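Read through the structure below, which is laid out as structure tokens, and then see the notes.
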Amino acid sequence: MDPASTAATGTDSWGRAQLSNLYGIFVLSMMMFDGREAEDILRLAATSVTSLSPCTVDAMYLQTAGQLRRSTPNQRPDAALDAVVSRLTGDGGRIRAVNGGWRWAFLLRGLGGVSGCLVLRADAAPSTDELFLLKVLGQQTAAALNSASLHKREREHGVELRQLNDERAAANAELSALVARLKQQQNVHEVLTTVSASGAGEPGIAHALHELTALPVVIEDQFGNLRAWAGPGRPEPYPKPTARKREELLRRATALGRPLREKDRLISLVKPRHEVLGVVALIDAKRTAADQEIFALEYGTTVLALELSHQRNLAEAELRLHRDLVDDLIVGTDDESAYARADAAGHDLRGPHHVVVVQWRGRRTDDAVAEAVSHTVAGLQMKSLTARRSGMVVLLVQDRPDGDGLHQALAAQLGSRTGAIGIGGSCETPCEFPRSYSEALRALNIRQGSRSPHGATAFDQLGIYRILDTGESREEIEAFVREWLGSLMDYDAQKHADLVRTLSQYLECGGSYDETAAALVIHRSTLRYRLGRIREITQLDLNDVDSRLNLHVATRAWQVLQGRS
């Protein structure tokens, strides 16, 4: 073959080899641009280096956070090389090899700047053609890294955009829910404020809460008495807890500071200051009450607290007016002034009146007792003037009051029977009130000093005891009763008999067998037997005038001492 043909053949072989290498780089480039991560692109470039040249990859770097960081973490650290690479400019260049040979750093620079670096090593410098192919590989790698960076930023922006959209959608949903909740709360505010301003009182507030929550609503006073009910399912009769259970419930609700769930109820305290004025509760057996119902309950409680505080202020103003008037009346004042002041207070003093004193023991405050007395008197439709005085409540009551009925009603209100009531004699004119007040205090003291200290005693029921008892003669009276009835009292205590009451009733009936047997609900023969036993035990003749008188006085005193007057 002639030299010209040989040269042409060599040129063709070189061209085909170059085209083949360039085609390989093109295919590799397509693989680099298929959405790979930067580390994968760099590894693809590194695997192609040996097919394009006699070089091997000494180190790979990626641009991260503004610095070229080694992407070959398995290799030993080479701080000197890292420092050299960090100072490279342009497209890189040859760098010194520690053990001799050839070493070159290709900075992978694209439109966005430097994206990485390939450090190659060989025993000898590659040919011009091989160096060209390596530079082409570096350019394609740089472009692929730049593209990967753009794709990564797009993905991050897409994720951020989706997050922003999700956050906006969540914010819009939350805002919509907040607007709806505010509208509902505004409706609660408007409805309850309107009801409060209308003067509908506790029943109106209970009804409005029922309409707002669709749950039955109950309003109770601090003692557990029903004040108002709205909605279905009202129990009849309305149950009232014991005083101990009630106090425990109020204590737990006070400590919690928000509505308390107690079985099928959500309970909120009406407590404008430090004193509990009442309780509002939603009957929620299915536990369906949510935030909106609880808001309505709390706002309703606030409105009710204002209502009850207003009522309390009016009552206290009225009580102060009454107290001043009552204080003057029981101390003594002229009739004309008394009538005029009572008329101004809305009470007619004309006609028979009685002074009544009420005192309750235990943990009840004077305010609680005074409020309970006011509610009870109003409920019993008793026309009266009421005032607090020296640890008790004083009433000026028109007509004779039912002492036992008043005591029972107050015990129900206060949840305790530990109270006594004294009722003075009748007064036809205001100037007689001091005497009736003194009589009421005496009746109260006698009741409290008896063996049954809780209940009501009227002064005119004391009979002869009014003469016997001066407040300082209690021991003499007890000794007198013991002298005449002691043997019968001992017998009754030992045998569980009823001879003292039998004798008392016999003497009250003037010695009539028929009336006595009917009053005691026993047979005449039983009465005859008992009277026989009384004669045997006392060794007294019941027909003797003196014995009969002393026994009658002793049984009357015994009744008072027993609290049976």
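By convention here, the chains of the structure tokens are called A, B, ... in the order presented, each chain's residues are numbered starting at 1, and ligands are numbered starting at 1 in the order presented.
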So which residues touch range 126-143 of chain A within 9 Å, counting only C-alpha atoms, skipping near sequence neighbours fewer than 6 positions away, as number ranges by chain?
-> A: 18, 21-22, 25-26, 28-29, 32-33, 41-42, 44-45, 48-49, 52-55, 102, 106-111, 114-118
Produce a file of the selected residues containing N, CA and C atoms, as a short mmCIF file (atom, residue, chain, number, x, y, z; two decimals), in the first residue's frame.
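The resulting file, part28.cif, is shown below:
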data_model
loop_
_atom_site.label_atom_id
_atom_site.label_comp_id
_atom_site.auth_asym_id
_atom_site.auth_seq_id
_atom_site.Cartn_x
_atom_site.Cartn_y
_atom_site.Cartn_z
N GLN A 18 -12.68 8.80 17.09
CA GLN A 18 -13.13 10.03 17.73
C GLN A 18 -14.65 10.13 17.73
N ASN A 21 -15.98 7.84 20.27
CA ASN A 21 -15.84 8.40 21.63
C ASN A 21 -16.84 9.52 21.88
N LEU A 22 -16.98 10.38 20.84
CA LEU A 22 -17.95 11.48 21.01
C LEU A 22 -19.38 10.96 21.13
N ILE A 25 -19.82 9.80 24.55
CA ILE A 25 -20.06 10.95 25.45
C ILE A 25 -21.48 11.47 25.29
N PHE A 26 -21.98 11.46 24.05
CA PHE A 26 -23.35 11.92 23.80
C PHE A 26 -24.36 11.03 24.53
N LEU A 28 -23.71 9.12 27.08
CA LEU A 28 -23.52 9.36 28.50
C LEU A 28 -24.22 10.64 28.95
N SER A 29 -24.13 11.65 28.07
CA SER A 29 -24.76 12.94 28.39
C SER A 29 -26.26 12.79 28.51
N MET A 32 -27.00 11.43 31.73
CA MET A 32 -26.82 12.41 32.80
C MET A 32 -28.03 13.35 32.91
N PHE A 33 -28.69 13.60 31.77
CA PHE A 33 -29.80 14.56 31.75
C PHE A 33 -31.17 13.90 31.99
N ILE A 41 -24.67 11.76 38.71
CA ILE A 41 -24.06 12.35 37.49
C ILE A 41 -22.55 12.32 37.61
N LEU A 42 -22.04 12.68 38.78
CA LEU A 42 -20.60 12.72 38.97
C LEU A 42 -20.00 11.32 38.89
N LEU A 44 -21.25 8.79 37.11
CA LEU A 44 -21.27 8.40 35.68
C LEU A 44 -20.07 8.98 34.95
N ALA A 45 -19.77 10.25 35.21
CA ALA A 45 -18.62 10.89 34.56
C ALA A 45 -17.32 10.18 34.96
N SER A 48 -16.62 6.97 33.14
CA SER A 48 -16.31 7.13 31.70
C SER A 48 -14.88 7.60 31.46
N VAL A 49 -14.24 8.09 32.52
CA VAL A 49 -12.90 8.65 32.34
C VAL A 49 -11.94 7.60 31.80
N LEU A 52 -12.10 6.85 28.07
CA LEU A 52 -11.70 7.92 27.16
C LEU A 52 -10.21 8.23 27.22
N SER A 53 -9.54 7.76 28.30
CA SER A 53 -8.13 8.12 28.49
C SER A 53 -7.50 7.12 29.44
N PRO A 54 -6.19 7.19 29.57
CA PRO A 54 -5.50 6.32 30.55
C PRO A 54 -5.60 6.86 31.97
N CYS A 55 -6.43 7.84 32.20
CA CYS A 55 -6.50 8.51 33.50
C CYS A 55 -7.47 7.77 34.45
N TRP A 102 1.19 12.61 36.18
CA TRP A 102 0.36 13.75 35.70
C TRP A 102 -0.90 13.84 36.54
N PHE A 106 -10.27 19.38 36.67
CA PHE A 106 -11.25 19.94 35.75
C PHE A 106 -12.36 20.59 36.58
N LEU A 107 -12.41 21.95 36.55
CA LEU A 107 -13.54 22.64 37.19
C LEU A 107 -14.76 22.50 36.31
N LEU A 108 -15.85 22.01 36.87
CA LEU A 108 -17.07 21.80 36.10
C LEU A 108 -17.89 23.08 36.21
N ARG A 109 -17.75 23.93 35.22
CA ARG A 109 -18.38 25.25 35.26
C ARG A 109 -19.48 25.30 34.22
N GLY A 110 -20.66 25.75 34.66
CA GLY A 110 -21.78 25.92 33.74
C GLY A 110 -22.31 27.33 33.81
N LEU A 111 -23.58 27.54 33.33
CA LEU A 111 -24.19 28.87 33.35
C LEU A 111 -24.38 29.39 34.77
N VAL A 114 -19.53 27.43 39.00
CA VAL A 114 -18.86 26.15 39.27
C VAL A 114 -19.81 25.24 40.02
N SER A 115 -20.02 24.01 39.48
CA SER A 115 -20.92 23.06 40.13
C SER A 115 -20.18 21.87 40.68
N GLY A 116 -18.88 21.70 40.34
CA GLY A 116 -18.13 20.57 40.85
C GLY A 116 -16.71 20.58 40.30
N CYS A 117 -15.98 19.49 40.57
CA CYS A 117 -14.60 19.38 40.10
C CYS A 117 -14.22 17.91 40.04
N LEU A 118 -13.51 17.53 38.95
CA LEU A 118 -12.96 16.18 38.80
C LEU A 118 -11.44 16.30 38.81
#
Neighbour list for Asn99 in chain A as a PyMOL selection string, cut-off 12 Å, only C-alpha atoms, skip fewer than 6 positions in-chain = chain A and resi 121-123
Find the residues around range 373-383 of chain A up to 10 Å (only C-alpha atoms counted), leave out those fewer than 4 positions away in its own chain, and share them as a PyMOL selection string.
-> chain A and resi 315+319+347-349+353+358+367-369+387+393-402+405-414
Those same residues, written as a short mmCIF file (atom, residue, chain, number, x, y, z; two decimals), in the first residue's frame with N, CA and C atoms?
data_model
loop_
_atom_site.label_atom_id
_atom_site.label_comp_id
_atom_site.auth_asym_id
_atom_site.auth_seq_id
_atom_site.Cartn_x
_atom_site.Cartn_y
_atom_site.Cartn_z
N ALA A 315 -81.92 43.46 96.86
CA ALA A 315 -82.36 42.84 98.11
C ALA A 315 -81.60 43.43 99.30
N LEU A 319 -83.08 45.27 102.28
CA LEU A 319 -82.82 44.74 103.61
C LEU A 319 -82.29 45.82 104.54
N HIS A 347 -94.99 48.13 103.25
CA HIS A 347 -95.59 47.16 104.17
C HIS A 347 -96.62 47.86 105.06
N ASP A 348 -97.72 47.21 105.26
CA ASP A 348 -98.80 47.76 106.09
C ASP A 348 -98.66 47.22 107.51
N LEU A 349 -98.33 48.10 108.44
CA LEU A 349 -98.15 47.69 109.82
C LEU A 349 -99.46 47.59 110.59
N HIS A 353 -99.56 41.83 114.38
CA HIS A 353 -98.25 41.38 113.91
C HIS A 353 -97.56 40.57 115.02
N VAL A 358 -85.09 34.10 114.00
CA VAL A 358 -84.59 32.84 113.41
C VAL A 358 -83.09 32.78 113.59
N ASP A 367 -75.58 35.79 105.68
CA ASP A 367 -76.17 36.15 104.39
C ASP A 367 -76.98 35.00 103.82
N ALA A 368 -76.44 33.78 103.91
CA ALA A 368 -77.14 32.62 103.36
C ALA A 368 -78.46 32.39 104.10
N VAL A 369 -78.44 32.51 105.44
CA VAL A 369 -79.67 32.32 106.22
C VAL A 369 -80.68 33.43 105.90
N ALA A 387 -84.99 41.63 108.66
CA ALA A 387 -83.70 42.29 108.92
C ALA A 387 -82.79 41.30 109.64
N VAL A 393 -81.93 36.40 112.26
CA VAL A 393 -82.81 37.12 111.35
C VAL A 393 -84.09 37.45 112.11
N VAL A 394 -84.53 38.71 112.01
CA VAL A 394 -85.73 39.18 112.71
C VAL A 394 -86.80 39.50 111.67
N LEU A 395 -88.01 38.99 111.90
CA LEU A 395 -89.12 39.27 111.00
C LEU A 395 -90.27 39.90 111.78
N LEU A 396 -90.93 40.86 111.17
CA LEU A 396 -92.20 41.38 111.67
C LEU A 396 -93.26 40.84 110.74
N VAL A 397 -94.03 39.86 111.21
CA VAL A 397 -94.93 39.10 110.35
C VAL A 397 -96.38 39.50 110.62
N GLN A 398 -97.08 39.76 109.54
CA GLN A 398 -98.51 40.06 109.65
C GLN A 398 -99.28 38.77 109.93
N ASP A 399 -100.15 38.82 110.92
CA ASP A 399 -100.92 37.65 111.37
C ASP A 399 -99.99 36.62 112.00
N ARG A 400 -100.59 35.63 112.63
CA ARG A 400 -99.79 34.62 113.35
C ARG A 400 -99.15 33.65 112.35
N PRO A 401 -97.83 33.47 112.41
CA PRO A 401 -97.17 32.56 111.46
C PRO A 401 -97.25 31.10 111.93
N ASP A 402 -97.13 30.21 110.96
CA ASP A 402 -97.04 28.77 111.25
C ASP A 402 -95.57 28.45 111.52
N GLY A 405 -94.28 25.05 110.08
CA GLY A 405 -94.19 25.12 108.61
C GLY A 405 -93.01 25.96 108.16
N LEU A 406 -92.77 27.08 108.87
CA LEU A 406 -91.65 27.96 108.53
C LEU A 406 -90.32 27.23 108.77
N HIS A 407 -90.21 26.49 109.87
CA HIS A 407 -88.98 25.76 110.16
C HIS A 407 -88.73 24.68 109.13
N GLN A 408 -89.76 23.94 108.75
CA GLN A 408 -89.60 22.89 107.75
C GLN A 408 -89.16 23.46 106.41
N ALA A 409 -89.77 24.59 106.01
CA ALA A 409 -89.42 25.20 104.72
C ALA A 409 -87.99 25.72 104.74
N LEU A 410 -87.57 26.31 105.85
CA LEU A 410 -86.20 26.81 105.95
C LEU A 410 -85.20 25.65 105.97
N ALA A 411 -85.54 24.57 106.66
CA ALA A 411 -84.65 23.41 106.68
C ALA A 411 -84.46 22.85 105.28
N ALA A 412 -85.54 22.86 104.48
CA ALA A 412 -85.43 22.38 103.09
C ALA A 412 -84.55 23.31 102.27
N GLN A 413 -84.69 24.61 102.48
CA GLN A 413 -83.88 25.58 101.73
C GLN A 413 -82.40 25.47 102.08
N LEU A 414 -82.11 25.35 103.38
CA LEU A 414 -80.73 25.37 103.85
C LEU A 414 -80.11 23.99 103.88
#
Pull the helix (DSSP H, G or I) assignments for range 322-527 of chain A out of DSSP run on the backbone, and list those residues as a count of residues only.
-> 117
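Comparing the minimum interatomic distances between Phe480 in chain A and each of A:Leu266, A:Val553, A:Leu277, A:Val303, counting only C-alpha atoms, we find that A:Val553 sits nearest.
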Contact residues around Leu488 in chain A with only C-alpha atoms at 7 Å, ignoring same-chain residues under 2 positions, as an MDAnalysis selection string | chainID A and resid 485:486 490:492 499:500 537
Per residue of range 264-349 of chain A within 12 Å of range 177-195 of chain A, what are the shortest atom pair and its distance in Å to one decimal, counting only C-alpha atoms, with rows by chain and residue number, as JSON lines?
{"residue": "A:Ala290", "atom": "CA", "partner": "A:Arg181", "partner_atom": "CA", "distance": 11.8}
{"residue": "A:Asp291", "atom": "CA", "partner": "A:Arg181", "partner_atom": "CA", "distance": 9.4}
{"residue": "A:Gln292", "atom": "CA", "partner": "A:Gln185", "partner_atom": "CA", "distance": 7.5}
{"residue": "A:Glu293", "atom": "CA", "partner": "A:Val188", "partner_atom": "CA", "distance": 9.7}
{"residue": "A:Ile294", "atom": "CA", "partner": "A:Gln185", "partner_atom": "CA", "distance": 10.8}
{"residue": "A:Phe295", "atom": "CA", "partner": "A:Gln185", "partner_atom": "CA", "distance": 7.5}
{"residue": "A:Ala296", "atom": "CA", "partner": "A:Val188", "partner_atom": "CA", "distance": 6.1}
{"residue": "A:Leu297", "atom": "CA", "partner": "A:Val188", "partner_atom": "CA", "distance": 9.6}
{"residue": "A:Glu298", "atom": "CA", "partner": "A:Val188", "partner_atom": "CA", "distance": 10.5}
{"residue": "A:Tyr299", "atom": "CA", "partner": "A:His189", "partner_atom": "CA", "distance": 7.4}
{"residue": "A:Gly300", "atom": "CA", "partner": "A:Leu192", "partner_atom": "CA", "distance": 6.7}
{"residue": "A:Thr301", "atom": "CA", "partner": "A:Leu192", "partner_atom": "CA", "distance": 10.0}
{"residue": "A:Thr302", "atom": "CA", "partner": "A:Leu192", "partner_atom": "CA", "distance": 9.8}
{"residue": "A:Val303", "atom": "CA", "partner": "A:Leu192", "partner_atom": "CA", "distance": 7.1}
{"residue": "A:Leu304", "atom": "CA", "partner": "A:Leu192", "partner_atom": "CA", "distance": 9.3}
{"residue": "A:Leu306", "atom": "CA", "partner": "A:Thr193", "partner_atom": "CA", "distance": 10.7}
{"residue": "A:Glu307", "atom": "CA", "partner": "A:Val195", "partner_atom": "CA", "distance": 10.6}
Keeping only C-alpha atoms, write the selected residues as a PDB file, in the first residue's frame.
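part-v4.pdb written:
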ATOM      1  CA  ALA A 290     -68.812  20.731  72.308  1.00  0.00           C
ATOM      2  CA  ASP A 291     -66.927  24.036  72.515  1.00  0.00           C
ATOM      3  CA  GLN A 292     -69.877  26.051  71.234  1.00  0.00           C
ATOM      4  CA  GLU A 293     -72.255  24.655  73.871  1.00  0.00           C
ATOM      5  CA  ILE A 294     -69.659  25.219  76.582  1.00  0.00           C
ATOM      6  CA  PHE A 295     -69.201  28.827  75.396  1.00  0.00           C
ATOM      7  CA  ALA A 296     -72.967  29.364  75.563  1.00  0.00           C
ATOM      8  CA  LEU A 297     -73.027  27.865  79.074  1.00  0.00           C
ATOM      9  CA  GLU A 298     -70.181  30.085  80.266  1.00  0.00           C
ATOM     10  CA  TYR A 299     -71.655  33.226  78.721  1.00  0.00           C
ATOM     11  CA  GLY A 300     -75.089  32.344  80.117  1.00  0.00           C
ATOM     12  CA  THR A 301     -73.476  31.942  83.526  1.00  0.00           C
ATOM     13  CA  THR A 302     -71.958  35.420  83.212  1.00  0.00           C
ATOM     14  CA  VAL A 303     -75.318  36.945  82.272  1.00  0.00           C
ATOM     15  CA  LEU A 304     -77.016  35.106  85.135  1.00  0.00           C
ATOM     16  CA  LEU A 306     -75.084  39.893  86.562  1.00  0.00           C
ATOM     17  CA  GLU A 307     -78.806  39.217  86.993  1.00  0.00           C
TER      18      GLU A 307
END
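As for CA of Glu39 in chain A and CA of Leu164 in chain A, they are spaced 29.1 Å apart.
Taking only C-alpha atoms into account, Leu444 in chain A lies nearest to A:Ile423 out of the set A:Ile423, A:Ala80, A:Ala214, A:Leu527.
In this comparison, which uses only C-alpha atoms, the residue of A:Ile330, A:Leu62, A:Leu503, A:Leu150 approaching Glu439 in chain A most closely is A:Ile330.
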Thr242 in chain A: which residues within 9 Å, counting only C-alpha atoms, same-chain residues fewer than 2 positions away excluded, as a VMD selection string?
-> chain A and resid 223 to 224 240 244 to 247 415 to 416
Take the residues just selected and output them with C-alpha atoms as a short mmCIF file (atom, residue, chain, number, x, y, z; two decimals), in the first residue's frame.
data_model
loop_
_atom_site.label_atom_id
_atom_site.label_comp_id
_atom_site.auth_asym_id
_atom_site.auth_seq_id
_atom_site.Cartn_x
_atom_site.Cartn_y
_atom_site.Cartn_z
CA PHE A 223 -78.29 24.91 98.15
CA GLY A 224 -79.45 22.78 95.20
CA LYS A 240 -82.10 17.76 96.08
CA ARG A 244 -72.48 17.56 102.37
CA LYS A 245 -72.69 16.38 98.75
CA ARG A 246 -73.64 19.86 97.61
CA GLU A 247 -70.72 21.49 99.41
CA GLY A 415 -80.38 21.59 103.71
CA SER A 416 -80.15 21.41 107.50
#
Residues within 7 Å of Trp360 in chain A, only C-alpha atoms, excluding chain neighbours under 4 positions, as a ChimeraX atom specification = /A:418-420
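The coordinates place CA of Ala342 in chain A at 20.8 Å from CA of Glu371 in chain A.
Taking only C-alpha atoms into account, His354 in chain A lies nearest to A:Ala440 out of the set A:Leu540, A:Ala305, A:Ile95, A:Ala440.
From CA of Ala59 in chain A back to CA of Arg103 in chain A, the distance works out to 10.7 Å.
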Would you mind telling me which residue in A:Pro430, A:Pro241, A:Gly112, A:Gly425 lies nearest to Asp335 in chain A when using only C-alpha atoms?
-> A:Pro430
Have a look at A:Ser86, A:Thr56, A:Thr538, A:Ser438 and name the one nearest to Arg70 in chain A; count only C-alpha atoms.
-> A:Ser86
